[in-house]
Amino acid sequence: MNYENIIYDDEETDFNSFKKMVLNDYKLARISRETSILGRKEVLNGRAKFGIFGDGKEIPQLAMAKVFQNGDYRSGYYRDQTFMMAIGVLTVKNFFSQLYAHSDLEAEPVSSGRMMTAHFGTRFLNEDGNWKNLTQQKNSSADISSTAAQIPRLLGLAQASKIYKELKNLKKTHQMFSHNGNEVAFGTIGNAGISEGLFWETLNAASILQIPIILSIWDDEYGISVPNKYQFSKQNISDILSGFHRNKKEKGIEIIRVNGSNYIDLIKTYIKANKIARYEHVPVIIHVTNLTQPQGHSTSSSHERYKSKERLEWEKNNDGIKKFKDWILNFRFEINQNNYRQLTHVSYLDKIDIEAKEYVKNEKEKAWKAFQEPIHIIKDEVVNILYQIQDNYIEKKWIKKYLKKYIQELHNTTKNYPTKKSVFRIARKVLYLLSEVKYDSKNCILNLIKWIEKKYNEEQKNYSSHLYSISEKASVKITEVFPVYHNEKNSEVDGRIILRENFDKLLELHPDLLIFGEDVGKIGDVNQGLEGLQKKYGKIRVFDTGIRESTILGQGIGLAMRGLRPIVEIQYIDYILYALQIMSDDLACLQYRTKGGQKAPVIIRTRGHRLEGIWHSGSPMGGIINYLRGILVLVPRNMVKAAGFYNTLLSGDDPALVVECLNGYRIKEKLPKNLGLFRTPIGIVERTRKGKDITMVTYGSTWRIVNEAAKELSNINNIDSEIIDIQSLLPFDLKKDIVKSLQKTNRLLIIDEDVPGGASAYILQKILEEQNGYYYLDNPPVTITAQEHRPPYGSDGDYFSKPSVENIVEKVLKMIYDR
């Protein structure tokens with residue numbers, strides 16, 4: 001439908017088409033509103049755990065949907081249900097399936113029940129983990145709850161269009177991801193969300209980059225219970241943003257303010273914004289005002305608690321759907337001076353209201369029935385097994401009494417609001433009850449044990465799968481390729497040269513590879529690991545950014561979601577804390593929370609360890625590995641190993657963090673001749689020294705310290721140390737090679753630069769518990785770590801705050817001779 005003709009040119013207007021559009025929009029608005037109303041009731045009556053809905057935002061979302069095209073992307077806010085319905089990627093039944101946390105992917109295709117209600121997304125990947133053709137569908141990146149955290153990735157989603165437009169060589173190879181860069185990235189955020197620094201960081205970057213963004217601010221004047229006067233220095237958001245407004249002299253952002261209940265103005269606004277963003281590549285902010293929140297923020301509170309009677313009355317009178325209905329009834333399409341046509345009559349709209357309510361109710365019940373069916377099936381299976389135990393085996397009356405009670409409890413708990421949890425809890429309680437009863441291989445008690453094991457494993461797949469890639473490109477499936485060296489004796493170079501030459505080769509081999517971050521472009525990073533590469537490959541592929549770690553990471557996520565291969569640089573690991581929230585809440589759980597529906601194989605490059613000073617020598621690995629499950633965490637001991645990791649990762653499709661050794665850029669290493677092709681395996685440890693007396697486990701820069709200590713122990717005390725370089729913290733020692741070393745040495749020493757109980761505790765848990773390493777120890781395991789404080793400045797500060805050769809030698813001597 002040509003919306004511009006309908007809105008702008010009365011002479012060419014097809015009245016019937018216009019009427020059909022308006023009435024369809026009204027019907028969808030009513031369906032969405034009823035979904036919100038019934039959704040809240042389902043939570044309050046106990047059928048669902050929590051509810052958050054898009055009521056009050058229906059009309060602007062209908063307008064936004066009209067300019068959203070195949071190949072476009074949304075990075076949104078958890079109130080966009082009307083928009084998702086309008087673009088045809090969300091049904092009412094889908095919505096309620098998510099509300100009930102239905103773990104069937106067909107019923108709940110966004111996340112298979114993993115994300116709470118109103119967290120939307122579409123599937124970018126096929127079942128095998130490979131990309132779909134994203135230009136032939138409407139795309140929504142997966143929502144997150146953290147306020148404003150959806151905004152950083154918006155940068156990358158939009159910048160990809162600019163890159164595809166400029167890199168013509170990708171036109172044939174990346175047809176599934178872009179059609180000549182004509183796609184727009186649509187963002188949405190609540191008014192209070194713009195208080196977050198992430199919003200301003202993104203806004204500033206978008207203004208500089210000049211990329212096709214349309215960002216809508218849904219302004220209902222509250223952030224949960226806090227009104228705008230406590231959120232902003234000026235209550236009019238448009239005024240606050242005005243400094244970014246473009247003008248004839250300076251580039252910037254187009255800022256448009258529009259009343260959220262004015263149907264025609266909203267459509268005109270989004271048509272205008274679409275032209276500016278899509279064809280001029282200028283970011284646009286649409287400040288949508290006068291919105292309401294009829295049911296309050298969520299089911300966790302009532303807005304009557306914090307809104308005045310006057311405000312509540314205003315919201316009732318200015319409800320968007322009410323205003324839309326009034327406009328429809330008052331609309332007059334003038335044919336000539338004395339003749340006009342109406343869109344419809346009140347009776348017809350009232351009929352739509354009734355039909356919408358009935359339709360939503362029916363779809364809700366279908367979703368509820370589909371959610372219940374598999375639970376009743378497993379309940380019946382358990383009940384049948386318990387009857388068998390009760391009737392055919394158990395003679396003790398007290399056990400029969402409990403069995404009868406549990407069977408009745410199963411019937412009661414699954415009568416109205418069934419959960420898998422209620423079934424499994426009772427099945428396992430029965431097993432505890434029967435723990436002292438003898439049984440043989442044919443016994444029905446064994447049937448219960450087998451049922452629990454089988455079904456529990458099946459359910460674990462529903463709730464615990466897809467943390468990492470399962471595709472054929474999963475990084476752990478990439479086989480090792482050893483570096484090949486020249487025969488010349490003098491082939492050693494600084495470590496930075498190995499990285500530079502390898503990145504050069506990777507940029508040549510992978511035309512979709514982009515490398516960017518602070519000081520990355522012109523000077524080739526602060527350690528010159530990218531020296532000269534911007535000049536060779538251009539500013540589109542190797543480029544500088546501002547000092548804004550969160551949105552550097554966000555750019556990487558968005559670009560990777562669109563089929564490009566970004567390496568983003570965070571200059572020092574100490575500053576990764578700025579980006580940690582985005583890494584944790586968005587990137588790390590992306591594949592998991594979509595159950596394999598989306599991926600963003602962004603590579604994060606940083607450096608840490610063994611430099612001197614509180615903010616440039618970090619090794620906060622304990623925090624990182626606990627926050628970033630879902631991202632590979634790789635800790636190479638030198639630059640050949642680091643380069644091999646980059647080569648492996650670009651052959652795979654997992655997101656990863658590579659921590660280079662800060663003191664390794666000027667250390668001499670041999671330069672491989674198979675640059676870009678040799679691969680360091682992921683999840684595999686390396687035994688770098690054979691020994692029989694003690695196993696010393698470490699990683700990163702500390703490996704050199706451990707090596708020195710091992711030589712000293714051998715030369716002076718004749719102690720034969722075995723050294724294991726972990727290489728990869730996430731995943732960890734997939735072949736369980738460390739325990740094989742313990743079987744020989746029977747002693748374990750872990751050397752780590754993190755704080756006491758940081759990564760060392762994680763390493764101990766992996767070795768002692770998962771690998772059963774404690775079976776082979778003759779001594780208690782020992783850790784040597786940094787002090788609890790950060791390392792102070794200077795070589796002495798480093799020596800007295802981080803593990804030293806002497807610390808290691810003394811600890812080993814104590815372990816061996818004290819015994």
# chains A, B, ... in the order shown; residues from 1 in each chain; ligands from 1
>>> residues_around(residues="Glu569 in chain A", least_positions_apart="3", cutoff="7 Å", atoms="only C-alpha atoms", output="PyMOL selection string")
chain A and resi 516-517+604-606
>>> select_by_dssp(residues="range 284-460 of chain A", states="strand (DSSP E)", output="MDAnalysis selection string")
chainID A and resid 284:289 333:336 339:341
>>> select_by_dssp(residues="range 679-764 of chain A", states="alpha helix (DSSP H)", output="ChimeraX atom specification")
/A:702-717,737-745,759-764
>>> closest_atom_pairs(of="range 658-723 of chain A", to="range 574-595 of chain A", cutoff="12 Å", atoms="only C-alpha atoms", output="JSON lines")
{"residue": "A:Val658", "atom": "CA", "partner": "A:Ile576", "partner_atom": "CA", "distance": 11.8}
{"residue": "A:Val659", "atom": "CA", "partner": "A:Ile576", "partner_atom": "CA", "distance": 10.8}
{"residue": "A:Leu662", "atom": "CA", "partner": "A:Asp574", "partner_atom": "CA", "distance": 11.8}
>>> write_last_selection(atoms="all heavy atoms", output="compact mmCIF listing (two decimals), in the first residue's frame")
# COMPACT_ATOMS: atom_id res chain seq x y z
N VAL A 658 39.81 -12.41 23.82
CA VAL A 658 41.22 -12.81 23.78
C VAL A 658 42.02 -11.81 24.59
O VAL A 658 42.01 -10.61 24.30
CB VAL A 658 41.75 -12.88 22.33
CG1 VAL A 658 43.21 -13.33 22.32
CG2 VAL A 658 40.90 -13.82 21.48
N VAL A 659 42.71 -12.30 25.62
CA VAL A 659 43.51 -11.45 26.50
C VAL A 659 44.98 -11.63 26.15
O VAL A 659 45.60 -12.64 26.49
CB VAL A 659 43.26 -11.78 27.98
CG1 VAL A 659 44.03 -10.81 28.88
CG2 VAL A 659 41.78 -11.75 28.31
N LEU A 662 50.34 -8.16 28.13
CA LEU A 662 50.82 -6.79 27.98
C LEU A 662 52.33 -6.71 27.85
O LEU A 662 52.86 -5.83 27.17
CB LEU A 662 50.37 -5.97 29.19
CG LEU A 662 49.21 -5.00 28.96
CD1 LEU A 662 48.76 -4.41 30.27
CD2 LEU A 662 49.62 -3.90 27.99
>>> residues_around(residues="Lys505 in chain A", least_positions_apart="4", cutoff="10 Å", atoms="only C-alpha atoms", output="number ranges by chain")
A: 499-501, 509-510, 647, 674-677
>>> residues_around(residues="range 787-789 of chain A", least_positions_apart="6", cutoff="12 Å", atoms="only C-alpha atoms", output="list of chain:residue names")
A:Gly613, A:Ile614, A:Trp615, A:Ser617, A:Gly618, A:Ser619, A:Pro620, A:Asp752, A:Glu753, A:Asp754, A:Val755, A:Pro756, A:Gly757, A:Gly758, A:Gly797, A:Asp798, A:Tyr799, A:Phe800, A:Ser801, A:Lys802, A:Pro803, A:Ser804
>>> write_last_selection(atoms="N, CA and C atoms", output="PDB file, in the first residue's frame")
ATOM      1  N   GLY A 613      50.997  -0.889  37.573  1.00  0.00           N
ATOM      2  CA  GLY A 613      50.081   0.210  37.835  1.00  0.00           C
ATOM      3  C   GLY A 613      48.660  -0.284  38.018  1.00  0.00           C
ATOM      4  N   ILE A 614      47.951   0.401  38.868  1.00  0.00           N
ATOM      5  CA  ILE A 614      46.636  -0.067  39.316  1.00  0.00           C
ATOM      6  C   ILE A 614      45.645  -0.258  38.178  1.00  0.00           C
ATOM      7  N   TRP A 615      45.693   0.590  37.152  1.00  0.00           N
ATOM      8  CA  TRP A 615      44.673   0.521  36.102  1.00  0.00           C
ATOM      9  C   TRP A 615      45.187  -0.024  34.772  1.00  0.00           C
ATOM     10  N   SER A 617      47.231  -3.196  34.689  1.00  0.00           N
ATOM     11  CA  SER A 617      47.914  -4.468  34.939  1.00  0.00           C
ATOM     12  C   SER A 617      46.936  -5.531  35.415  1.00  0.00           C
ATOM     13  N   GLY A 618      45.704  -5.375  34.999  1.00  0.00           N
ATOM     14  CA  GLY A 618      44.648  -6.203  35.575  1.00  0.00           C
ATOM     15  C   GLY A 618      44.672  -7.650  35.124  1.00  0.00           C
ATOM     16  N   SER A 619      44.190  -8.503  36.010  1.00  0.00           N
ATOM     17  CA  SER A 619      43.939  -9.911  35.691  1.00  0.00           C
ATOM     18  C   SER A 619      42.635 -10.334  36.374  1.00  0.00           C
ATOM     19  N   PRO A 620      41.541  -9.605  36.147  1.00  0.00           N
ATOM     20  CA  PRO A 620      40.298  -9.900  36.889  1.00  0.00           C
ATOM     21  C   PRO A 620      39.533 -11.084  36.294  1.00  0.00           C
ATOM     22  N   ASP A 752      48.292 -18.057  39.617  1.00  0.00           N
ATOM     23  CA  ASP A 752      47.307 -17.209  38.957  1.00  0.00           C
ATOM     24  C   ASP A 752      47.511 -15.756  39.385  1.00  0.00           C
ATOM     25  N   GLU A 753      47.342 -14.818  38.452  1.00  0.00           N
ATOM     26  CA  GLU A 753      47.524 -13.398  38.778  1.00  0.00           C
ATOM     27  C   GLU A 753      46.273 -12.750  39.347  1.00  0.00           C
ATOM     28  N   ASP A 754      45.174 -13.458  39.368  1.00  0.00           N
ATOM     29  CA  ASP A 754      43.937 -12.906  39.907  1.00  0.00           C
ATOM     30  C   ASP A 754      44.013 -12.878  41.432  1.00  0.00           C
ATOM     31  N   VAL A 755      43.000 -12.271  42.056  1.00  0.00           N
ATOM     32  CA  VAL A 755      42.953 -12.204  43.520  1.00  0.00           C
ATOM     33  C   VAL A 755      42.761 -13.597  44.105  1.00  0.00           C
ATOM     34  N   PRO A 756      43.073 -13.787  45.398  1.00  0.00           N
ATOM     35  CA  PRO A 756      42.831 -15.087  46.023  1.00  0.00           C
ATOM     36  C   PRO A 756      41.368 -15.504  45.874  1.00  0.00           C
ATOM     37  N   GLY A 757      41.150 -16.730  45.483  1.00  0.00           N
ATOM     38  CA  GLY A 757      39.783 -17.218  45.305  1.00  0.00           C
ATOM     39  C   GLY A 757      39.132 -16.738  44.033  1.00  0.00           C
ATOM     40  N   GLY A 758      39.891 -16.085  43.150  1.00  0.00           N
ATOM     41  CA  GLY A 758      39.344 -15.629  41.870  1.00  0.00           C
ATOM     42  C   GLY A 758      39.325 -16.767  40.874  1.00  0.00           C
ATOM     43  N   GLY A 797      56.413  -2.731  43.142  1.00  0.00           N
ATOM     44  CA  GLY A 797      54.995  -2.947  43.395  1.00  0.00           C
ATOM     45  C   GLY A 797      54.507  -4.231  42.755  1.00  0.00           C
ATOM     46  N   ASP A 798      54.988  -4.504  41.536  1.00  0.00           N
ATOM     47  CA  ASP A 798      54.633  -5.747  40.846  1.00  0.00           C
ATOM     48  C   ASP A 798      55.169  -6.955  41.608  1.00  0.00           C
ATOM     49  N   TYR A 799      56.418  -6.867  42.043  1.00  0.00           N
ATOM     50  CA  TYR A 799      57.078  -8.003  42.701  1.00  0.00           C
ATOM     51  C   TYR A 799      56.379  -8.395  43.999  1.00  0.00           C
ATOM     52  N   PHE A 800      55.961  -7.393  44.760  1.00  0.00           N
ATOM     53  CA  PHE A 800      55.378  -7.686  46.064  1.00  0.00           C
ATOM     54  C   PHE A 800      53.862  -7.895  46.024  1.00  0.00           C
ATOM     55  N   SER A 801      53.241  -7.767  44.846  1.00  0.00           N
ATOM     56  CA  SER A 801      51.785  -7.928  44.788  1.00  0.00           C
ATOM     57  C   SER A 801      51.331  -9.051  43.863  1.00  0.00           C
ATOM     58  N   LYS A 802      52.247  -9.545  43.006  1.00  0.00           N
ATOM     59  CA  LYS A 802      51.878 -10.632  42.104  1.00  0.00           C
ATOM     60  C   LYS A 802      52.848 -11.794  42.278  1.00  0.00           C
ATOM     61  N   PRO A 803      52.479 -12.996  41.815  1.00  0.00           N
ATOM     62  CA  PRO A 803      53.370 -14.152  41.988  1.00  0.00           C
ATOM     63  C   PRO A 803      54.755 -13.899  41.393  1.00  0.00           C
ATOM     64  N   SER A 804      55.775 -14.307  42.124  1.00  0.00           N
ATOM     65  CA  SER A 804      57.159 -14.175  41.664  1.00  0.00           C
ATOM     66  C   SER A 804      57.798 -15.555  41.590  1.00  0.00           C
TER      67      SER A 804
END
